[in-house]
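K.L.:
So here's start-v2.cif, just mmCIF, C-alpha atoms:
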```cif
data_data
#
loop_
_atom_site.group_PDB
_atom_site.id
_atom_site.type_symbol
_atom_site.label_atom_id
_atom_site.label_comp_id
_atom_site.auth_asym_id
_atom_site.auth_seq_id
_atom_site.Cartn_x
_atom_site.Cartn_y
_atom_site.Cartn_z
ATOM 1 C CA MET A 1 -55.750 -14.515 -39.172
ATOM 2 C CA LYS A 2 -55.502 -10.866 -38.222
ATOM 3 C CA LYS A 3 -58.772 -10.202 -40.033
ATOM 4 C CA ASP A 4 -60.534 -12.977 -38.097
ATOM 5 C CA PHE A 5 -59.182 -11.625 -34.803
ATOM 6 C CA VAL A 6 -60.380 -8.098 -35.640
ATOM 7 C CA THR A 7 -63.826 -9.493 -36.507
ATOM 8 C CA ILE A 8 -63.979 -11.286 -33.147
ATOM 9 C CA ILE A 9 -63.028 -8.059 -31.343
ATOM 10 C CA GLU A 10 -65.627 -6.053 -33.275
ATOM 11 C CA LYS A 11 -68.353 -8.571 -32.376
ATOM 12 C CA SER A 12 -67.256 -8.504 -28.733
ATOM 13 C CA LEU A 13 -67.360 -4.700 -28.695
ATOM 14 C CA GLN A 14 -70.913 -4.800 -30.012
ATOM 15 C CA LYS A 15 -71.880 -7.376 -27.368
ATOM 16 C CA ILE A 16 -70.782 -4.998 -24.611
ATOM 17 C CA GLY A 17 -72.687 -2.131 -26.208
ATOM 18 C CA ILE A 18 -70.042 -0.311 -28.227
ATOM 19 C CA ASP A 19 -71.380 0.365 -31.712
ATOM 20 C CA ALA A 20 -68.839 2.972 -32.826
ATOM 21 C CA VAL A 21 -65.891 0.630 -33.223
ATOM 22 C CA PRO A 22 -62.529 2.402 -33.017
ATOM 23 C CA PRO A 23 -59.580 1.396 -35.216
ATOM 24 C CA ILE A 24 -58.288 -1.877 -33.799
ATOM 25 C CA ASP A 25 -54.542 -2.325 -33.562
ATOM 26 C CA VAL A 26 -53.292 -5.901 -33.676
ATOM 27 C CA GLU A 27 -49.734 -6.770 -32.746
ATOM 28 C CA VAL A 28 -47.504 -9.799 -32.542
ATOM 29 C CA PRO A 29 -46.693 -10.111 -28.818
ATOM 30 C CA PRO A 30 -43.060 -9.725 -27.722
ATOM 31 C CA GLY A 31 -42.814 -13.377 -26.667
ATOM 32 C CA GLU A 32 -44.569 -16.586 -27.609
ATOM 33 C CA ASN A 33 -45.707 -17.071 -24.010
ATOM 34 C CA PHE A 34 -48.091 -14.117 -24.653
ATOM 35 C CA GLY A 35 -49.948 -15.980 -27.405
ATOM 36 C CA ASP A 36 -50.228 -15.517 -31.161
ATOM 37 C CA LEU A 37 -51.709 -12.010 -31.421
ATOM 38 C CA SER A 38 -52.417 -9.120 -29.071
ATOM 39 C CA THR A 39 -54.469 -5.937 -29.067
ATOM 40 C CA PRO A 40 -54.384 -2.811 -26.895
ATOM 41 C CA VAL A 41 -57.987 -1.908 -27.844
ATOM 42 C CA ALA A 42 -59.061 -1.821 -24.174
ATOM 43 C CA LEU A 43 -56.375 0.774 -23.464
ATOM 44 C CA ALA A 44 -57.622 2.905 -26.358
ATOM 45 C CA LEU A 45 -61.216 2.731 -25.089
ATOM 46 C CA ALA A 46 -60.476 3.543 -21.435
ATOM 47 C CA LYS A 47 -60.830 7.330 -21.748
ATOM 48 C CA VAL A 48 -63.939 7.123 -23.927
ATOM 49 C CA LEU A 49 -65.718 4.610 -21.687
ATOM 50 C CA LYS A 50 -64.352 6.090 -18.461
ATOM 51 C CA LYS A 51 -63.465 2.624 -17.174
ATOM 52 C CA PRO A 52 -60.163 0.972 -16.279
ATOM 53 C CA PRO A 53 -58.672 -0.739 -19.355
ATOM 54 C CA LYS A 54 -58.317 -4.031 -17.489
ATOM 55 C CA LYS A 55 -62.073 -4.066 -16.786
ATOM 56 C CA ILE A 56 -62.812 -3.374 -20.468
ATOM 57 C CA ALA A 57 -60.398 -6.145 -21.495
ATOM 58 C CA ASP A 58 -62.115 -8.561 -19.090
ATOM 59 C CA GLU A 59 -65.541 -7.672 -20.531
ATOM 60 C CA LEU A 60 -64.310 -8.169 -24.093
ATOM 61 C CA ALA A 61 -62.536 -11.425 -23.276
ATOM 62 C CA SER A 62 -65.683 -12.816 -21.679
ATOM 63 C CA CYS A 63 -67.497 -12.292 -25.016
ATOM 64 C CA MET A 64 -64.928 -14.116 -27.119
ATOM 65 C CA HIS A 65 -66.464 -17.579 -27.495
ATOM 66 C CA GLU A 66 -65.129 -18.630 -30.904
ATOM 67 C CA LYS A 67 -63.938 -22.076 -29.760
ATOM 68 C CA THR A 68 -63.033 -23.202 -33.284
ATOM 69 C CA ILE A 69 -60.639 -20.251 -33.644
ATOM 70 C CA LEU A 70 -59.492 -19.307 -30.147
ATOM 71 C CA GLU A 71 -57.791 -21.729 -27.825
ATOM 72 C CA ARG A 72 -57.058 -19.139 -25.147
ATOM 73 C CA VAL A 73 -57.780 -15.491 -24.359
ATOM 74 C CA ASP A 74 -55.635 -13.811 -21.696
ATOM 75 C CA ILE A 75 -55.427 -10.330 -20.235
ATOM 76 C CA ALA A 76 -51.915 -9.013 -19.686
ATOM 77 C CA GLY A 77 -50.533 -5.933 -17.991
ATOM 78 C CA PRO A 78 -52.828 -2.936 -17.852
ATOM 79 C CA GLY A 79 -55.333 -4.344 -20.367
ATOM 80 C CA PHE A 80 -53.762 -6.019 -23.377
ATOM 81 C CA ILE A 81 -55.836 -8.871 -24.805
ATOM 82 C CA ASN A 82 -53.658 -11.770 -25.920
ATOM 83 C CA ILE A 83 -55.051 -14.678 -27.884
ATOM 84 C CA THR A 84 -53.814 -18.098 -28.876
ATOM 85 C CA PHE A 85 -55.310 -19.740 -31.944
ATOM 86 C CA THR A 86 -56.396 -23.385 -31.941
ATOM 87 C CA LYS A 87 -54.164 -25.795 -33.817
ATOM 88 C CA GLU A 88 -57.101 -26.729 -36.034
ATOM 89 C CA TYR A 89 -57.582 -23.100 -37.069
ATOM 90 C CA LEU A 90 -53.863 -22.656 -37.781
ATOM 91 C CA TYR A 91 -53.812 -25.852 -39.870
ATOM 92 C CA LYS A 92 -56.857 -24.689 -41.835
ATOM 93 C CA GLU A 93 -55.241 -21.299 -42.534
ATOM 94 C CA LEU A 94 -51.955 -22.939 -43.546
ATOM 95 C CA ARG A 95 -53.851 -25.285 -45.868
ATOM 96 C CA LYS A 96 -55.563 -22.296 -47.523
ATOM 97 C CA LEU A 97 -52.185 -20.610 -47.930
ATOM 98 C CA LEU A 98 -50.622 -23.691 -49.516
ATOM 99 C CA GLU A 99 -53.607 -24.231 -51.810
ATOM 100 C CA SER A 100 -53.382 -20.647 -53.067
ATOM 101 C CA GLY A 101 -50.150 -21.704 -54.754
ATOM 102 C CA SER A 102 -48.270 -19.103 -56.728
ATOM 103 C CA ARG A 103 -49.967 -16.121 -55.075
ATOM 104 C CA PHE A 104 -47.682 -16.543 -52.065
ATOM 105 C CA PHE A 105 -44.967 -18.890 -53.260
ATOM 106 C CA PRO A 106 -42.909 -18.040 -56.362
#
```
What do you get writing this file as structure tokens?

P.N.:
Amino acid sequence: MKKDFVTIIEKSLQKIGIDAVPPIDVEVPPGENFGDLSTPVALALAKVLKKPPKKIADELASCMHEKTILERVDIAGPGFINITFTKEYLYKELRKLLESGSRFFP
């Protein structure tokens, strides 16, 4: 899931004209009301792009159109991007995990 989120962010960065993609930190938000995953990538880009992080986060969020993966994209605080996965995507990922058998379950 983290890998898919990073891929979505990388594609969004390219859509807004950023080709040199910085390392992308992905975190589990402090509360479930903030979604499933979060990234401070807009905060990291603020100095380089000379723009407010919230504006960068808004631009990135507007490029995230992966409806089969993302149920919701929110901007929090000074520019954190929080996402919530669709139930269908979570079920698909859980199914893949269960089908992998002994790799994850002893």

K.L.:
Can you list, as number ranges by chain, the residues that the PyMOL selection byres ((chain A and resi 71) around 8) selects here?

P.N.:
A: 67-70, 72-73, 83-86

K.L.:
What would the list of residues within 10 Å of (-51.8, -12.0, -39.6) (file frame) look like as a list of chain:residue names, if only C-alpha atoms are what count?

P.N.:
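Residues found, by chain and rising number: A:Met1, A:Lys2, A:Lys3, A:Asp4, A:Phe5, A:Val26, A:Glu27, A:Val28, A:Asp36, A:Leu37.
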
K.L.:
Measure the distance from atom CA of Leu60 of chain A to atom CA of Ile9 of chain A in Å and round it to one decimal.

P.N.:
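That distance, rounded to one decimal, is 7.4 Å.
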
K.L.:
What's the separation between atom CA of Pro22 of chain A and atom CA of Leu43 of chain A, in Å to one decimal place?

P.N.:
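Separation between atom CA of Pro22 of chain A and atom CA of Leu43 of chain A: 11.5 Å.
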
K.L.:
Taking all atoms of segment 93-98 of chain A that the file lists, what box with edges along x, y and z, padded by 8 Å per side, do you get, with centre and edge lengths in Å to one decimal, as lines of an AutoDock Vina configuration file?

P.N.:
```
center_x = -53.1
center_y = -22.9
center_z = -46.0
size_x = 20.9
size_y = 20.7
size_z = 23.0
```

K.L.:
Would you compute the distance between atom CA of Glu32 of chain A and atom CA of Ser100 of chain A? Give it in Å to one decimal.

P.N.:
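Separation between atom CA of Glu32 of chain A and atom CA of Ser100 of chain A: 27.2 Å.
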
K.L.:
Evaluating the PyMOL selection byres ((chain A and resi 50-57) around 12) on the displayed file yields which residues, as a PyMOL selection string?

P.N.:
chain A and resi 9+12-13+16-18+38-49+58-64+73-83
